[in-house]
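Below is one structure; the comments refer to it alone.
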Protein chains: 2
Amino acid sequence: MAEKRRRKPGETREKLMGAALSLVGSGRHFDSLGIREVTRQAGVVPTSFYRHFRSMDDLGLQLVDELGLVLRRMMREARAHVSQADKLIAESVDIFISHGRANQSFFLFMAQGLAGESRAVQDGIRSEIRFFATELANDLRRLKLLDHLSDGDLDMACDLVVRTVAFSLTDLLRVSANDDYQMDQIRKRTIRFLQLIFVGANHWQSGTG
Amino acid sequence: MAEKRRRKPGETREKLMGAALSLVGSGRHFDSLGIREVTRQAGVVPTSFYRHFRSMDDLGLQLVDELGLVLRRMMREARAHVSQADKLIAESVDIFISHGRANQSFFLFMAQGLAGESRAVQDGIRSEIRFFATELANDLRRLKLLDHLSDGDLDMACDLVVRTVAFSLTDLLRVSANDDYQMDQIRKRTIRFLQLIFVGANHWQSGTG
DNA sequence: CACATAAGTGAACAACTGTACACTAGAGTG
DNA sequence: CACTCTAGTGTACAGTTGTTCACTTATGTG
């Protein structure tokens with residue numbers, strides 16, 4: 001046996017990251033995973049792990065990088081689908097939801113990592129979220145929305161929007177994929193949250209506070 | 001040796017819960033703690049654990065109950081300190097921050113549990129947060145604030161407020177206690193978030209959306 | 001005072017863990 | 001072709017884990 005060696009470069013690496021992700025997706029917490037467990041799930045011998053990662057933290061950091069790609073894809077699609085300004089919120093939320101479901105494990109990993117053991121992973125995820133927020137601010141500027149806000153206030157508002165969506169995603173990931181009622185509840189509530197924030201932003205004047 | 005037995009009822013139980021909490025406080029994730037580790041930290045023999053808890057999940061659930069008490073204390077203090085409506089937000093945020101620091105480990109546990117392995121702990125924490133939100137709604141009704149909102153809309157707004165504060169708490173718990181600059185940044189940003197939400201709520205009309 | 005019970009103890013065990021080591025197959029390069 | 005890397009393999013080991021068991025001791029109740 002054991003006739004397969006060196007098939008594609010990085011194949012085992014991806015298997016390991018996928019294995020960790022799938023364990024997270026099946027309810028486990030990333031910080032409770034062990035090297036042996038991950039390699040077992042990946043169908044690989046434990047020692048192979050060290051060919052690609054120094055430690056579990058290291059693997060986590062590389063997952064954060066991939067998470068960044070997922071988020072960028074999501075942003076791109078949201079940008080491409082913005083038709084009219086009045087439907088912007090609902091359409092964007094729908095895109096978040098569909099990406100959230102399509103990449104369940106990634107977003108579970110994100111939610112876990114925010115309060116996880118590895119400070120580096122925490123920082124990575126937080127910086128991805130911040131990046132997302134500043135990109136959103138750029139887009140709104142480009143669309144001449146919330147034009148009366150100062151740069152700082154717009155940034156603040158976008159930060160709040162992104163946090164709210166992130167929190168809603170964690171709601172979403174808890175309900176089973178076929179529970180349409182709950183899914184729709186979360187969708188509606190998220191839309192209302194964002195509408196409330198945008199109403200606030202529309203009536204915001206820099207002097208406040 | 002070993003001359004101390006049965007000192008106070010529940011003494012060891014509290015030591016075990018305190019030990020788990022202190023490990024969380026020192027950077028560990030609750031889901032990565034083991035029974036032996038906790039008993040070691042508590043200065044107790046591993047078998048003692050089973051006298052009080054069936055499993056780690058069980059201990060986690062009992063921590064959620066204590067978390068509820070902490071939250072109720074915080075609410076009570078916030079209620080007692082509401083002087084004028086115009087300072088309500090800033091004063092409440094200050095109380096959240098001081099309680100957040102005083103009960104670091106509890107709030108870390110809360111943040112971890114939201115995305116943790118145990119579904120029961122997740123549910124417990126989420127229901128504590130929901131309870132907090134409905135209590136906030138009751139208070140606002142009593143103070144005749146946001147009086148024009150329907151019950152549903154008020155609930156929604158309070159939910160958003162509580163989520164925002166919860167997220168801010170996780171920011172807070174990351175910075176070291178003596179980093180006054182960062183602490184103040186978080187404080188100011190949280191106040192602005194809440195102000196933005198309240199401006200939105202003030203201008204909200206049920207028909208929106 | 002006797003005694004059942006709750007709450008502590010230590011020893012034991014099989015299962016699992018992370019990691020080190022020595023080995024080997026294939027790919028790319030000169 | 002000879003070579004050096006890279007990425008895979010199996011074996012080994014000491015340390016840790018959860019859990020069971022038989023035990024002791026203090027306490028409150030009858």
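Labeling convention for the structure tokens: chains A, B, ... as they appear, residues from 1 per chain, ligands from 1 in order of appearance.
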Write out as a PyMOL selection string each polymer residue whose atoms come within 8 Å of stretch 59-71 of chain A, counting only C-alpha atoms (C1' of nucleotides); drop sequence neighbours fewer than 6 positions from it.
chain A and resi 17+53+103+106-107+110+120-121+124-125+128+132
Export of the given selection (C-alpha atoms) as a short mmCIF file (atom, residue, chain, number, x, y, z; two decimals), in the first residue's frame:
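Listed below is the output, part_36.cif:
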data_model
loop_
_atom_site.label_atom_id
_atom_site.label_comp_id
_atom_site.auth_asym_id
_atom_site.auth_seq_id
_atom_site.Cartn_x
_atom_site.Cartn_y
_atom_site.Cartn_z
CA MET A 17 -7.15 22.74 6.36
CA PHE A 53 2.19 23.75 9.71
CA ASN A 103 -19.30 28.79 3.54
CA PHE A 106 -15.60 29.45 7.44
CA PHE A 107 -18.01 31.71 9.22
CA MET A 110 -14.68 33.30 12.18
CA ALA A 120 -2.92 36.15 16.33
CA VAL A 121 -6.07 34.56 14.93
CA GLY A 124 -6.41 38.46 11.91
CA ILE A 125 -10.15 38.06 11.97
CA GLU A 128 -10.57 41.24 8.10
CA PHE A 132 -14.67 44.88 5.21
#
Could you list, as JSON, numbers by chain, every residue within 12 Å of C:DC3, counting only C-alpha atoms (C1' of nucleotides) and ignoring same-chain residues fewer than 5 positions away?
{"D": [27, 28, 29, 30]}
Correct to one decimal, the distance atom C1' of D:DT25-atom C1' of C:DG8 is 7.7 Å
Interatomic distance (Å, one decimal) between atom CA of B:Asp94 and atom CA of A:Asp159
20.7 Å
What are the residues of chain C lining chain B at 12 Å or less? Count only C-alpha atoms (C1' of nucleotides), and put the answer as a ChimeraX atom specification.
/C:6-11
C-alpha atoms (C1' of nucleotides) of the current selection, written as a PDB file, in the first residue's frame:
ATOM      1  C1'  DA C   6     -22.159  13.572  51.277  1.00  0.00           C
ATOM      2  C1'  DA C   7     -17.664  14.884  50.021  1.00  0.00           C
ATOM      3  C1'  DG C   8     -13.287  14.161  50.050  1.00  0.00           C
ATOM      4  C1'  DT C   9      -8.894  10.846  48.884  1.00  0.00           C
ATOM      5  C1'  DG C  10      -5.221   7.788  45.990  1.00  0.00           C
ATOM      6  C1'  DA C  11      -4.187   4.147  42.857  1.00  0.00           C
TER       7       DA C  11
END
Please report as a tab-separated table every residue of chain B lying within 8 Å of chain A, along with the nearest atom pair and their distance in Å (one decimal), using only C-alpha atoms.
residue	atom	partner	partner_atom	distance
B:Gly27	CA	A:Glu117	CA	6.0
B:Arg28	CA	A:Glu117	CA	5.5
B:His29	CA	A:Glu117	CA	5.6
B:Asp31	CA	A:Ser32	CA	5.9
B:Ser32	CA	A:Ser32	CA	4.5
B:Leu108	CA	A:Ala115	CA	7.4
B:Ala111	CA	A:Ala115	CA	6.1
B:Gln112	CA	A:Ala115	CA	5.3
B:Ala115	CA	A:Gln112	CA	5.3
B:Gly116	CA	A:His29	CA	6.2
B:Glu117	CA	A:Arg28	CA	5.5
B:Met156	CA	A:Phe193	CA	7.4
B:Ala157	CA	A:Phe193	CA	7.4
B:Leu160	CA	A:Phe193	CA	6.6
B:Arg163	CA	A:Phe167	CA	7.6
B:Thr164	CA	A:Thr164	CA	7.3
B:Phe167	CA	A:Arg163	CA	7.6
B:Thr170	CA	A:Ala115	CA	7.6
B:Arg189	CA	A:Met156	CA	7.5
B:Arg192	CA	A:Gly209	CA	7.6
B:Phe193	CA	A:Leu160	CA	6.6
B:Gln195	CA	A:Gly209	CA	7.7
B:Leu196	CA	A:Gly200	CA	5.3
B:Ile197	CA	A:Ile197	CA	5.8
B:Phe198	CA	A:Gly200	CA	7.2
B:Val199	CA	A:Gly200	CA	4.8
B:Gly200	CA	A:Gly200	CA	3.3
B:Ala201	CA	A:Leu196	CA	6.5
B:His203	CA	A:Val199	CA	6.9
B:Trp204	CA	A:Val199	CA	7.0
B:Gly209	CA	A:Arg192	CA	7.6
Give me the chain D side of the contact with chain A, cut-off 8 Å, one line per residue showing its nearest atom pair and distance in Å at one decimal, counting only C-alpha atoms (C1' of nucleotides), sorted by chain and residue number, as JSON lines.
{"residue": "D:DA7", "atom": "C1'", "partner": "A:Arg6", "partner_atom": "CA", "distance": 6.1}
{"residue": "D:DG8", "atom": "C1'", "partner": "A:Arg5", "partner_atom": "CA", "distance": 5.7}
{"residue": "D:DT9", "atom": "C1'", "partner": "A:Val45", "partner_atom": "CA", "distance": 7.6}
Residues within 12 Å of D:DC13, only C-alpha atoms (C1' of nucleotides), excluding chain neighbours under 6 positions, as a PDB file with N, CA, C and O atoms (P, O5', C5', C4', C3', O3' and C1' of nucleotides), in the first residue's frame:
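Contents of part-v2.pdb, as written:
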ATOM      1  P    DT C  17      -6.295  11.725  20.041  1.00  0.00           P
ATOM      2  O5'  DT C  17      -5.043  12.450  20.680  1.00  0.00           O
ATOM      3  C5'  DT C  17      -5.249  13.448  21.698  1.00  0.00           C
ATOM      4  C4'  DT C  17      -3.916  13.911  22.199  1.00  0.00           C
ATOM      5  C3'  DT C  17      -2.961  14.366  21.110  1.00  0.00           C
ATOM      6  O3'  DT C  17      -3.175  15.732  20.866  1.00  0.00           O
ATOM      7  C1'  DT C  17      -1.848  13.014  22.783  1.00  0.00           C
ATOM      8  P    DG C  18      -2.520  16.381  19.576  1.00  0.00           P
ATOM      9  O5'  DG C  18      -0.995  16.596  19.982  1.00  0.00           O
ATOM     10  C5'  DG C  18      -0.679  17.518  20.996  1.00  0.00           C
ATOM     11  C4'  DG C  18       0.810  17.510  21.250  1.00  0.00           C
ATOM     12  C3'  DG C  18       1.656  17.970  20.054  1.00  0.00           C
ATOM     13  O3'  DG C  18       2.720  18.778  20.547  1.00  0.00           O
ATOM     14  C1'  DG C  18       2.266  15.761  20.667  1.00  0.00           C
ATOM     15  P    DT C  19       3.582  19.603  19.525  1.00  0.00           P
ATOM     16  O5'  DT C  19       4.793  18.607  19.300  1.00  0.00           O
ATOM     17  C5'  DT C  19       5.504  18.169  20.462  1.00  0.00           C
ATOM     18  C4'  DT C  19       6.474  17.082  20.072  1.00  0.00           C
ATOM     19  C3'  DT C  19       7.312  17.388  18.824  1.00  0.00           C
ATOM     20  O3'  DT C  19       8.662  17.465  19.257  1.00  0.00           O
ATOM     21  C1'  DT C  19       6.549  15.140  18.860  1.00  0.00           C
ATOM     22  P    DA C  20       9.831  17.904  18.242  1.00  0.00           P
ATOM     23  O5'  DA C  20      10.728  16.592  18.156  1.00  0.00           O
ATOM     24  C5'  DA C  20      10.995  15.868  19.347  1.00  0.00           C
ATOM     25  C4'  DA C  20      11.708  14.573  18.998  1.00  0.00           C
ATOM     26  C3'  DA C  20      12.696  14.690  17.833  1.00  0.00           C
ATOM     27  O3'  DA C  20      13.907  14.031  18.189  1.00  0.00           O
ATOM     28  C1'  DA C  20      11.102  12.994  17.378  1.00  0.00           C
ATOM     29  P    DC C  21      15.179  14.178  17.247  1.00  0.00           P
ATOM     30  O5'  DC C  21      15.204  12.803  16.452  1.00  0.00           O
ATOM     31  C5'  DC C  21      15.031  11.583  17.169  1.00  0.00           C
ATOM     32  C4'  DC C  21      14.853  10.443  16.185  1.00  0.00           C
ATOM     33  C3'  DC C  21      15.706  10.574  14.924  1.00  0.00           C
ATOM     34  O3'  DC C  21      16.664   9.533  14.897  1.00  0.00           O
ATOM     35  C1'  DC C  21      13.455   9.951  14.422  1.00  0.00           C
TER      36       DC C  21
END
Show which residues sit within 12 Å of D:DA2, as a PyMOL selection string. Count only C-alpha atoms (C1' of nucleotides), and ignore same-chain residues fewer than 2 positions away.
(chain C and resi 29-30) or (chain D and resi 4)
